[in-house]
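Structure file run.txt (compact mmCIF, C-alpha atoms) is printed below.
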# COMPACT_ATOMS: atom_id res chain seq x y z
CA MET A 1 83.73 43.40 134.95
CA SER A 2 86.77 44.56 133.01
CA THR A 3 89.68 42.33 132.13
CA ASP A 4 92.88 43.93 133.34
CA GLY A 5 95.17 40.94 133.14
CA LEU A 6 97.15 39.53 130.23
CA PRO A 7 95.19 38.80 127.04
CA ILE A 8 93.93 35.32 126.28
CA PRO A 9 94.72 34.75 122.58
CA SER A 10 92.12 32.50 120.99
CA HIS A 11 94.64 30.47 118.97
CA THR A 12 97.35 29.84 121.56
CA ALA A 13 95.76 27.02 123.50
CA GLY A 14 94.66 25.13 120.37
CA GLU A 15 98.18 25.16 118.95
CA PHE A 16 99.62 24.12 122.29
CA TYR A 17 97.18 21.21 122.57
CA VAL A 18 98.16 19.87 119.12
CA TRP A 19 101.84 20.15 119.93
CA LEU A 20 101.26 18.39 123.24
CA TRP A 21 99.40 15.56 121.53
CA TRP A 22 102.01 15.21 118.77
CA THR A 23 104.97 15.44 121.11
CA SER A 24 103.53 12.98 123.62
CA GLU A 25 103.14 10.43 120.81
CA GLY A 26 106.56 11.14 119.34
CA ARG A 27 108.43 10.95 122.63
CA GLY A 28 106.54 8.05 124.05
CA GLY A 29 104.97 10.42 126.52
CA VAL A 30 108.22 11.45 128.20
CA PHE A 31 108.97 15.15 128.72
CA ASP A 32 112.15 16.39 130.35
CA LEU A 33 111.07 19.83 131.43
CA ALA A 34 113.19 22.61 132.86
CA ALA A 35 113.63 22.82 136.63
CA PRO A 36 111.78 22.71 138.90
CA VAL A 37 109.47 20.31 137.03
CA GLY A 38 111.89 17.75 135.66
CA ARG A 39 110.75 14.52 134.06
CA VAL A 40 107.03 13.87 133.57
CA ASP A 41 104.96 11.47 131.50
CA VAL A 42 102.08 12.97 129.54
CA TRP A 43 99.51 11.19 127.40
CA VAL A 44 96.24 12.06 125.73
CA ASP A 45 93.41 10.55 127.73
CA GLU A 46 89.74 9.97 127.03
CA ARG A 47 88.47 13.18 125.47
CA ILE A 48 89.37 15.41 122.55
CA ALA A 49 87.07 18.22 121.39
CA PHE A 50 87.37 20.24 118.21
CA ARG A 51 85.96 23.52 116.96
CA ASN A 52 85.96 25.29 113.64
CA PRO A 53 88.75 27.88 113.33
CA GLU A 54 86.49 30.94 113.44
CA GLU A 55 84.18 29.72 116.20
CA GLN A 56 84.41 28.88 119.89
CA LYS A 57 81.67 26.28 119.89
CA VAL A 58 82.71 22.62 120.02
CA VAL A 59 81.65 20.82 116.82
CA ALA A 60 83.16 17.38 117.31
CA VAL A 61 84.03 15.36 120.41
CA MET A 62 85.92 12.09 120.54
CA THR A 63 85.69 10.12 123.75
CA GLY A 64 86.36 6.61 124.97
CA GLN A 65 89.55 4.65 125.14
CA ASN A 66 92.51 6.16 123.30
CA PRO A 67 90.63 8.62 121.06
CA SER A 68 93.93 10.18 119.96
CA ALA A 69 94.65 7.05 117.91
CA SER A 70 91.33 7.16 116.07
CA LEU A 71 91.05 7.95 112.41
CA GLU A 72 88.35 10.52 113.15
CA ALA A 73 90.56 12.53 115.47
CA ARG A 74 93.41 12.86 112.98
CA ALA A 75 90.98 13.45 110.13
CA ALA A 76 89.41 16.31 112.08
CA LEU A 77 92.83 17.94 112.39
CA ALA A 78 93.63 17.28 108.75
CA GLY A 79 90.28 18.83 107.88
CA GLY A 80 91.36 22.11 109.47
CA LYS A 81 89.55 21.80 112.79
CA VAL A 82 91.14 23.30 115.87
CA LEU A 83 91.53 21.61 119.22
CA GLN A 84 89.29 23.16 121.84
CA ASP A 85 89.63 20.71 124.78
CA LEU A 86 92.20 18.04 125.48
CA ARG A 87 92.04 15.55 128.35
CA ILE A 88 95.49 14.46 129.42
CA GLY A 89 97.01 12.12 131.93
CA VAL A 90 100.15 13.28 133.71
CA ARG A 91 102.56 11.34 135.89
CA ARG A 92 105.29 12.88 138.03
CA ASP A 93 107.15 10.47 140.27
CA ASP A 94 104.37 8.25 141.64
CA ARG A 95 101.62 10.84 141.39
CA GLU A 96 99.12 10.58 138.56
CA TYR A 97 96.74 13.32 137.46
CA PHE A 98 93.95 13.48 134.90
CA VAL A 99 92.65 16.81 133.66
CA THR A 100 90.79 18.31 130.72
CA LEU A 101 92.45 21.50 129.49
CA LYS A 102 89.50 23.52 128.30
CA GLY A 103 89.34 26.28 125.72
CA PRO A 104 91.60 29.27 125.23
CA ASN A 105 91.82 29.94 128.99
CA MET A 106 93.06 26.41 129.56
CA HIS A 107 90.64 26.01 132.44
CA PHE A 108 91.03 22.79 134.41
CA GLN A 109 87.93 20.61 134.14
CA GLY A 110 87.38 17.33 135.96
CA LEU A 111 90.83 17.42 137.54
CA LYS A 112 91.46 14.15 139.36
CA LEU A 113 94.12 14.45 142.01
CA PRO A 114 96.24 11.64 143.44
CA GLN A 115 94.86 12.43 146.86
CA VAL A 116 95.90 10.41 149.88
CA VAL A 117 94.37 12.31 152.80
CA THR A 118 90.58 12.12 152.84
CA GLU A 119 89.66 13.09 156.38
CA GLY A 120 90.21 16.24 158.43
CA GLY A 121 89.22 19.50 156.73
CA GLU A 122 92.50 21.34 157.13
CA GLU A 123 94.76 18.49 156.00
CA VAL A 124 92.54 17.68 153.05
CA LEU A 125 92.61 21.30 151.90
CA TYR A 126 96.40 21.55 152.23
CA GLU A 127 96.97 18.38 150.29
CA ARG A 128 94.49 19.20 147.54
CA MET A 129 95.83 22.70 147.07
CA HIS A 130 99.41 21.40 147.09
CA LEU A 131 98.49 18.88 144.39
CA TYR A 132 96.61 21.56 142.45
CA ASP A 133 99.73 23.70 142.55
CA GLU A 134 101.81 20.77 141.32
CA ILE A 135 99.63 20.10 138.27
CA CYS A 136 99.69 23.84 137.54
CA LEU A 137 103.47 23.75 137.74
CA ILE A 138 103.62 20.84 135.30
CA VAL A 139 101.17 22.33 132.78
CA ALA A 140 103.04 25.64 133.07
CA GLY A 141 106.29 23.78 132.35
CA LEU A 142 104.78 22.16 129.26
CA PHE A 143 103.37 25.49 128.11
CA GLN A 144 106.72 27.18 128.65
CA GLU A 145 108.48 24.56 126.55
CA TRP A 146 105.96 24.98 123.74
CA SER A 147 106.18 28.80 123.96
CA GLY A 148 109.96 28.64 123.73
CA LEU A 149 109.71 26.60 120.52
CA ARG A 150 106.80 28.54 119.07
CA THR A 151 108.65 31.83 119.21
CA THR A 152 111.77 30.63 117.41
CA ALA A 153 112.45 30.34 113.68
CA GLU A 154 112.81 26.58 114.22
CA TRP A 155 109.04 26.36 114.64
CA ASP A 156 108.35 27.33 111.02
CA ARG A 157 111.44 25.66 109.57
CA GLY A 158 111.41 22.31 111.32
CA ILE A 159 108.61 21.69 113.79
CA LEU A 160 105.51 22.83 111.91
CA PRO A 161 106.34 20.88 108.72
CA GLU A 162 106.90 17.73 110.81
CA LEU A 163 103.66 18.32 112.70
CA ARG A 164 101.77 18.73 109.42
CA LYS A 165 103.24 15.49 108.12
CA TRP A 166 102.09 13.74 111.28
CA VAL A 167 98.59 15.18 110.96
CA THR A 168 98.21 13.93 107.42
CA GLY A 169 99.86 10.62 108.16
CA LYS A 170 102.87 11.28 105.95
CA ALA A 171 105.42 11.37 108.74
CA MET B 172 81.60 19.92 147.17
CA GLY B 173 84.57 20.40 144.91
CA ILE B 174 87.36 22.32 146.56
CA LEU B 175 87.53 19.82 149.42
CA SER B 176 86.51 16.62 147.64
CA SER B 177 85.98 14.98 144.24
CA ALA B 178 87.21 16.29 140.90
CA LEU B 179 88.10 19.96 140.49
CA THR B 180 86.61 22.10 137.75
CA VAL B 181 87.94 25.58 138.26
CA SER B 182 88.30 29.00 136.77
CA ARG B 183 91.44 30.72 137.93
CA PHE B 184 91.87 34.44 138.56
CA ARG B 185 94.75 36.69 139.39
CA VAL B 186 94.14 39.17 142.19
CA LEU B 187 95.07 42.58 140.89
CA ASP B 188 96.91 44.37 143.68
CA PRO B 189 97.39 41.26 145.84
CA THR B 190 98.93 43.23 148.72
CA LEU B 191 97.03 42.61 151.93
CA PRO B 192 96.20 45.57 154.16
CA GLU B 193 97.56 45.77 157.69
CA GLY B 194 95.24 43.90 160.02
CA TRP B 195 93.75 42.06 157.04
CA ARG B 196 92.57 39.08 159.07
CA GLU B 197 90.19 41.15 161.16
CA ILE B 198 89.26 43.41 158.25
CA TYR B 199 88.39 40.48 155.98
CA ARG B 200 86.53 38.66 158.76
CA ASP B 201 84.34 41.74 159.25
CA ARG B 202 83.85 42.18 155.50
CA LEU B 203 82.88 38.53 155.07
CA ASN B 204 80.40 38.88 157.91
CA GLU B 205 79.00 42.04 156.38
CA PHE B 206 78.58 40.47 152.94
CA ALA B 207 77.57 37.04 154.22
CA PHE B 208 74.33 35.44 153.16
CA HIS B 209 71.45 36.72 155.25
CA GLU B 210 68.02 35.15 155.11
CA PRO B 211 65.68 37.68 153.54
CA PRO B 212 62.55 38.64 155.51
CA GLN B 213 59.98 35.89 155.05
CA GLY B 214 56.54 36.41 153.61
CA MET B 215 57.51 39.27 151.32
CA GLY B 216 57.20 37.15 148.21
CA LYS B 217 60.15 37.40 145.82
CA GLU B 218 62.90 36.76 148.33
CA GLU B 219 66.17 36.45 146.48
CA GLY B 220 69.49 36.82 148.07
CA GLU B 221 73.18 36.24 147.77
CA GLY B 222 76.12 36.27 150.12
CA TRP B 223 79.08 34.38 151.51
CA CYS B 224 78.82 31.24 153.57
CA GLN B 225 81.28 28.69 154.83
CA ILE B 226 82.49 26.00 152.52
CA LYS B 227 81.49 23.09 154.75
CA ASN B 228 77.85 24.07 155.15
CA LEU B 229 75.88 26.73 153.35
CA LEU B 230 73.86 27.43 156.49
CA ASP B 231 76.99 28.60 158.33
CA THR B 232 77.21 32.27 157.52
CA GLU B 233 79.37 33.66 160.31
CA PHE B 234 83.11 34.08 159.86
CA ASP B 235 84.09 35.00 163.43
CA ASP B 236 86.10 31.81 163.90
CA PHE B 237 89.20 32.05 161.69
CA ASN B 238 89.77 28.30 161.98
CA GLU B 239 86.65 27.69 159.92
CA TRP B 240 87.72 29.58 156.80
CA LEU B 241 91.37 30.66 157.01
CA TYR B 242 93.98 27.95 156.57
CA ASN B 243 97.56 29.12 156.62
CA GLY B 244 97.46 31.48 153.66
CA TRP B 245 94.32 30.04 152.07
CA ALA B 246 90.90 31.60 152.55
CA VAL B 247 88.03 29.31 151.57
CA PHE B 248 84.38 30.25 151.34
CA GLN B 249 81.47 29.96 148.97
CA LEU B 250 78.95 32.28 147.40
CA ARG B 251 75.34 31.29 147.94
CA VAL B 252 72.72 32.63 145.57
CA ASP B 253 69.06 31.89 146.31
CA LYS B 254 66.38 32.34 143.71
CA LYS B 255 62.70 31.54 143.45
CA ARG B 256 61.35 30.57 140.08
CA LEU B 257 57.67 30.15 139.32
CA PRO B 258 56.60 27.07 137.37
CA MET B 259 55.49 29.17 134.41
CA LYS B 260 53.21 26.70 132.60
CA LEU B 261 51.27 25.95 135.76
CA PHE B 262 51.22 29.63 136.68
CA LYS B 263 49.79 30.69 133.30
CA ALA B 264 47.15 27.98 133.39
CA THR B 265 46.08 28.92 136.91
CA LEU B 266 45.97 32.59 136.00
CA GLU B 267 43.78 31.82 133.00
CA LYS B 268 41.33 29.91 135.25
CA ARG B 269 41.20 32.78 137.72
CA GLY B 270 40.55 35.22 134.89
CA LYS B 271 37.66 33.09 133.66
CA ALA B 272 36.25 32.79 137.20
CA TRP B 273 36.38 36.58 137.58
CA CYS B 274 34.52 37.04 134.28
CA GLU B 275 31.80 34.58 135.33
CA GLU B 276 31.42 36.25 138.69
CA HIS B 277 31.07 39.68 137.12
CA GLU B 278 29.07 38.41 134.13
CA VAL B 279 31.41 39.92 131.54
CA GLU B 280 33.13 38.35 128.55
CA ARG B 281 36.61 39.87 128.86
CA CYS B 282 38.80 40.54 131.81
CA PRO B 283 40.09 44.17 131.90
CA SER B 284 43.87 44.52 131.84
CA THR B 285 43.97 46.20 135.26
CA VAL B 286 42.16 43.19 136.72
CA LYS B 287 44.49 40.80 134.88
CA THR B 288 47.50 42.58 136.38
CA GLU B 289 45.96 42.50 139.84
CA LEU B 290 45.15 38.78 139.55
CA LYS B 291 48.66 38.07 138.31
CA GLU B 292 50.32 39.96 141.16
CA ARG B 293 48.10 38.33 143.76
CA LEU B 294 48.77 34.83 142.43
CA GLU B 295 52.49 35.52 142.17
CA HIS B 296 52.58 36.70 145.78
CA GLU B 297 50.55 33.67 146.99
CA TRP B 298 52.89 31.25 145.30
CA MET B 299 56.13 33.00 146.12
CA VAL B 300 55.31 32.94 149.82
CA ARG B 301 54.75 29.17 149.66
CA MET B 302 57.84 28.37 147.59
CA LEU B 303 61.29 27.46 148.81
CA PRO B 304 64.17 29.03 146.91
CA SER B 305 66.72 27.00 144.99
CA SER B 306 70.23 27.61 146.28
CA ARG B 307 73.27 27.68 144.06
CA VAL B 308 76.71 27.74 145.64
CA THR B 309 80.06 28.58 144.11
CA GLU B 310 83.07 27.47 146.12
CA ALA B 311 86.34 29.33 146.07
CA ALA B 312 89.84 29.21 147.50
CA TRP B 313 92.01 32.32 147.68
CA ASN B 314 95.74 31.83 147.83
CA MET B 315 96.63 35.00 149.68
CA GLU B 316 100.39 34.55 149.43
CA ASP B 317 100.55 34.01 145.68
CA GLY B 318 97.61 36.28 144.87
CA TYR B 319 95.25 34.03 142.96
CA VAL B 320 91.75 32.69 143.42
CA ILE B 321 90.26 29.48 142.09
CA VAL B 322 86.50 29.42 141.65
CA HIS B 323 84.85 26.05 141.38
CA THR B 324 82.76 26.66 138.26
CA LEU B 325 83.17 27.44 134.57
CA SER B 326 79.74 29.08 134.32
CA GLU B 327 80.14 32.66 133.14
CA GLY B 328 77.10 33.84 135.10
CA SER B 329 78.32 32.32 138.37
CA VAL B 330 81.85 33.60 137.81
CA ASP B 331 80.56 37.10 137.13
CA ALA B 332 78.43 37.13 140.28
CA PHE B 333 81.42 35.86 142.26
CA ARG B 334 83.80 38.51 140.91
CA LYS B 335 81.36 41.32 141.61
CA ARG B 336 80.73 40.19 145.17
CA PHE B 337 84.47 39.62 145.74
CA PHE B 338 85.18 43.19 144.64
CA ARG B 339 82.42 44.61 146.84
CA THR B 340 83.68 42.59 149.81
CA PHE B 341 87.45 42.91 149.57
CA GLY B 342 87.88 45.84 147.20
CA LYS B 343 90.02 43.69 144.91
CA LYS B 344 89.53 43.03 141.22
CA LEU B 345 89.95 39.55 139.81
CA ALA B 346 91.47 39.25 136.34
CA PRO B 347 90.87 36.02 134.40
CA TRP B 348 93.98 33.89 134.39
CA SER B 349 95.70 33.75 131.01
CA PRO B 350 98.00 30.91 129.97
CA LEU B 351 100.47 33.73 129.29
CA ASP B 352 100.61 34.27 133.05
CA TRP B 353 102.62 31.04 133.17
CA LEU B 354 105.42 32.61 131.15
CA GLU B 355 107.98 34.23 133.37
CA ASP B 356 109.78 36.02 130.57
CA ALA B 357 108.04 39.17 129.27
CA LYS B 358 109.92 38.87 125.97
CA THR B 359 108.42 35.42 125.32
CA VAL B 360 104.93 36.81 126.03
CA GLU B 361 105.58 39.66 123.60
CA ASN B 362 106.93 37.31 120.92
CA LEU B 363 104.08 34.86 121.38
CA LEU B 364 101.49 37.62 121.02
CA ALA B 365 103.25 38.76 117.86
CA THR B 366 103.07 35.31 116.25
CA GLY B 367 99.35 35.35 115.49
CA ALA B 368 97.37 32.26 114.62
CA GLU B 369 99.16 29.72 112.47
CA PRO B 370 96.87 26.77 111.95
CA VAL B 371 98.48 23.37 111.84
CA VAL B 372 96.39 22.73 108.78
CA SER B 373 94.69 25.74 107.22
CA LEU B 374 91.27 25.34 105.67
CA GLU B 375 92.81 25.97 102.23
CA ASP B 376 95.18 23.05 102.72
CA ALA B 377 92.68 20.82 104.49
CA ALA B 378 92.72 17.27 103.22
CA PRO B 379 89.63 15.23 102.50
CA LEU B 380 89.12 12.31 104.87
CA GLU B 381 90.08 9.63 102.34
CA SER B 382 93.46 11.24 101.67
CA VAL B 383 94.60 11.05 105.30
CA ALA B 384 97.01 8.15 105.38
CA LEU B 385 97.08 6.68 108.84
CA ASP B 386 98.97 3.57 109.68
CA ASP B 387 97.40 2.66 113.00
CA GLY B 388 95.10 -0.25 112.56
CA ASP B 389 92.88 -1.33 109.72
CA GLU B 390 91.09 1.95 109.19
CA LYS B 391 92.78 2.94 105.95

Translate the structure described by the file into structure tokens.
Amino acid sequence: MSTDGLPIPSHTAGEFYVWLWWTSEGRGGVFDLAAPVGRVDVWVDERIAFRNPEEQKVVAVMTGQNPSASLEARAALAGGKVLQDLRIGVRRDDREYFVTLKGPNMHFQGLKLPQVVTEGGEEVLYERMHLYDEICLIVAGLFQEWSGLRTTAEWDRGILPELRKWVTGKA
Amino acid sequence: MGILSSALTVSRFRVLDPTLPEGWREIYRDRLNEFAFHEPPQGMGKEEGEGWCQIKNLLDTEFDDFNEWLYNGWAVFQLRVDKKRLPMKLFKATLEKRGKAWCEEHEVERCPSTVKTELKERLEHEWMVRMLPSSRVTEAAWNMEDGYVIVHTLSEGSVDAFRKRFFRTFGKKLAPWSPLDWLEDAKTVENLLATGAEPVVSLEDAAPLESVALDDGDEK
């Protein structure tokens, strides 16, 4: 089947994931996103997967509690590896989501929804799809913020050097 | 289950030309019925089949009742694919025994290739008739207002089968969702595509493990 939609650049998601990880640590997890999203908390959860820059295959996976704080995770970045998957936790108001953003498409894997309704087919579907739309809205908001920064001169002048310092522990 | 319960693992697609035809409810009901899963005729051997079924039970393959699959702008259904697979090691061993038995019966040393083929086809047919297929289902939800579909799998093979059947059924192509679809401003998309890859740490600048100075804990 042909692909007639927008392209899926192989590098975009990996750069976004690193920025998300770095920013969530730097801001204590708090993001004030443009309307209609508003304030959300974002943190790296229990899985980070890396690939080599020229490949799509995952070569290193860090799991368990707080892998983002591990020496191995930062060393993988410092060694030139690229983020392939990132599991994040997201809180908006009192609703908490967990999802793995996977690969360049940013597929949602293992998305846990803060579901309340569990019985009645129609109601369950409405709630789950409403919550799915909400997590999409939040991830879209995060991606939009990153895209706005990535396409300005400030990215190369200020953000990327700071990010590199953080990666190598010199921040 | 996935769309209606437990964690979601989904591929997302944009419906190209999301406009719905006049009388779409009845049209799509009929199309779903036409492309629904139908049990293949039994006893023919290699029965394989695919088609739509309802999300709550893969044995429900009629879409006459809108309340079972159409929920206020969401259409939910699943693709069922049935396949029979021979246990190859056992099959080869049995075929070898039958070949030997034929040779003994006809007092010859080697089994001619035409006989081998005949024995193979006969055994395959015998076993296929006795076997039950394995069923794989791929759930999906189509947001008809916003023009996107989520498919509950990341398997390329399943996604491909789903997209092909979706096109045959509804005449609509599904384009893989790109993160760029989240950007409302075309200029940002253009600028982002123009940036190219800029690794956080390039391989040339990569630091050896011992030179990474982290201050979190004792691992220095």

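When only C-alpha atoms are used to measure the gap to Thr152 (chain A), the shortest distance among B:Met259, B:Asn362, B:Val371, B:Glu289 belongs to B:Asn362.
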
Quiz item: What's the 6 Å shell around region 245-251 of chain B, counting only C-alpha atoms, without same-chain residues fewer than 4 positions away, as number ranges by chain?
Solution: B: 221-226, 240-241, 307-315

Practice problem: Would you mind reading off the distance between CA of Leu187 (chain B) and CA of Glu239 (chain B), one decimal, in Å? | Solution: 25.6 Å

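For the atom pair formed by CA of Phe16 (chain A) and CA of Leu179 (chain B), the distance is 21.9 Å, given to one decimal.
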
Exercise. Would you list the residues near (103.6, 18.5, 141.7), meaning any protein, DNA or RNA residue with an atom at most 12 Å from that point in file coordinates, counting all atoms listed in the file, as a VMD selection string?
Key: chain A and resid 36 to 40 90 to 97 113 to 115 127 to 141

Quiz item: Could you work out how far CA of Arg269 (chain B) lies from CA of Thr285 (chain B), giving the answer in Å with one decimal?
Solution: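 Taking CA of Thr285 (chain B) and CA of Arg269 (chain B), their separation equals 13.9 Å.
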
Quiz item: Using only C-alpha atoms, which residues sit within 10 Å of Thr118 (chain A) once same-chain residues fewer than 2 positions away are excluded, as a PyMOL selection string?
Solution: (chain A and resi 115-116+120-121+123-125+127-128) or (chain B and resi 175-176)

Quiz item: So which one's closest to chain B, A:Glu72, A:Glu154, A:Asp85, A:Asp41? Using all atoms listed in the file, please.
Solution: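 Of all the options, A:Glu72 lies closest to chain B.
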
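Neighbours of Gln84 (chain A) closer than or equal to 7 Å, with all atoms listed in the file counted and sequence neighbours fewer than 3 positions away skipped, come out as Gly14, Ala49, Phe50, Arg51, Val58, Lys102 and Gly103 of chain A.
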
Can you spit out the residues from that selection as a PDB file, keeping the file's coordinate frame, using C-alpha atoms?
ATOM      1  CA  GLY A  14      94.660  25.130 120.370  1.00  0.00           C
ATOM      2  CA  ALA A  49      87.070  18.220 121.390  1.00  0.00           C
ATOM      3  CA  PHE A  50      87.370  20.240 118.210  1.00  0.00           C
ATOM      4  CA  ARG A  51      85.960  23.520 116.960  1.00  0.00           C
ATOM      5  CA  VAL A  58      82.710  22.620 120.020  1.00  0.00           C
ATOM      6  CA  LYS A 102      89.500  23.520 128.300  1.00  0.00           C
ATOM      7  CA  GLY A 103      89.340  26.280 125.720  1.00  0.00           C
TER       8      GLY A 103
END

Exercise. May I ask which of the residues B:Glu297, B:Glu197, B:Ser177, B:Pro189 is the closest one to Asp317 (chain B), counting all atoms listed in the file?
Key: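 Under the stated criterion, the closest residue is B:Pro189.
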
Quiz item: Which one of B:Leu345, B:Ile321, B:Ala368, B:Leu363 sits closest to Ile174 (chain B) if you count all atoms listed in the file?
Solution: B:Ile321

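Restricting the calculation to all atoms listed in the file, the smallest distance between chain A and any of B:Ala264, B:Ile198, B:Arg334, B:Gly342 is found for B:Arg334.
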
Quiz item: Looking at all atoms listed in the file, which of B:Arg200, B:Lys343, B:Arg183, B:Arg336 is the one that sits closest to chain A?
Solution: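 Of all the options, B:Arg183 lies closest to chain A.
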
Exercise. For chain B, work out the contacting residues on chain A at 7 Å, counting all atoms listed in the file, and write them as a PyMOL selection string.
Key: chain A and resi 3-8+11+71+75+77-80+105-112+122+124-125+140+144+147+151+164+168-170

Exercise. Please provide as a PyMOL selection string all residues within 6 Å of Thr63 (chain A), with the sequence filter that same-chain residues fewer than 3 positions apart are discarded (counting only C-alpha atoms).
Key: chain A and resi 46-47+67

Extract region 351-368 of chain B from the preceding block and save N, CA and C atoms as a compact mmCIF listing (two decimals), in the first residue's frame.
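Once everything was written out, this is out_28.txt:
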# COMPACT_ATOMS: atom_id res chain seq x y z
N LEU B 351 4.17 14.57 12.32
CA LEU B 351 4.00 15.90 11.70
C LEU B 351 2.52 16.25 11.53
N ASP B 352 1.66 15.24 11.54
CA ASP B 352 0.22 15.51 11.46
C ASP B 352 -0.26 16.29 12.67
N TRP B 353 0.52 16.26 13.75
CA TRP B 353 0.12 16.99 14.96
C TRP B 353 0.41 18.49 14.85
N LEU B 354 1.18 18.86 13.84
CA LEU B 354 1.54 20.27 13.70
C LEU B 354 0.49 20.95 12.83
N GLU B 355 -0.10 21.99 13.39
CA GLU B 355 -1.18 22.64 12.66
C GLU B 355 -0.65 23.62 11.61
N ASP B 356 0.59 24.09 11.83
CA ASP B 356 1.14 25.11 10.97
C ASP B 356 2.02 24.47 9.88
N ALA B 357 1.64 24.67 8.62
CA ALA B 357 2.38 24.06 7.50
C ALA B 357 3.82 24.56 7.45
N LYS B 358 4.02 25.81 7.88
CA LYS B 358 5.37 26.38 7.85
C LYS B 358 6.30 25.63 8.81
N THR B 359 5.75 25.29 10.00
CA THR B 359 6.57 24.54 10.98
C THR B 359 6.93 23.18 10.41
N VAL B 360 5.98 22.52 9.73
CA VAL B 360 6.26 21.22 9.11
C VAL B 360 7.39 21.37 8.10
N GLU B 361 7.26 22.39 7.28
CA GLU B 361 8.28 22.64 6.24
C GLU B 361 9.65 22.89 6.88
N ASN B 362 9.67 23.74 7.90
CA ASN B 362 10.93 24.06 8.56
C ASN B 362 11.53 22.83 9.25
N LEU B 363 10.66 22.04 9.86
CA LEU B 363 11.14 20.85 10.57
C LEU B 363 11.74 19.84 9.58
N LEU B 364 11.08 19.70 8.43
CA LEU B 364 11.62 18.77 7.42
C LEU B 364 12.95 19.27 6.87
N ALA B 365 13.11 20.59 6.88
CA ALA B 365 14.36 21.16 6.35
C ALA B 365 15.52 21.04 7.33
N THR B 366 15.22 20.77 8.61
CA THR B 366 16.30 20.76 9.60
C THR B 366 17.25 19.58 9.42
N GLY B 367 16.73 18.43 9.04
CA GLY B 367 17.59 17.25 8.93
C GLY B 367 18.00 16.77 10.31
N ALA B 368 18.66 15.61 10.32
CA ALA B 368 19.04 15.03 11.61
C ALA B 368 20.19 15.82 12.24
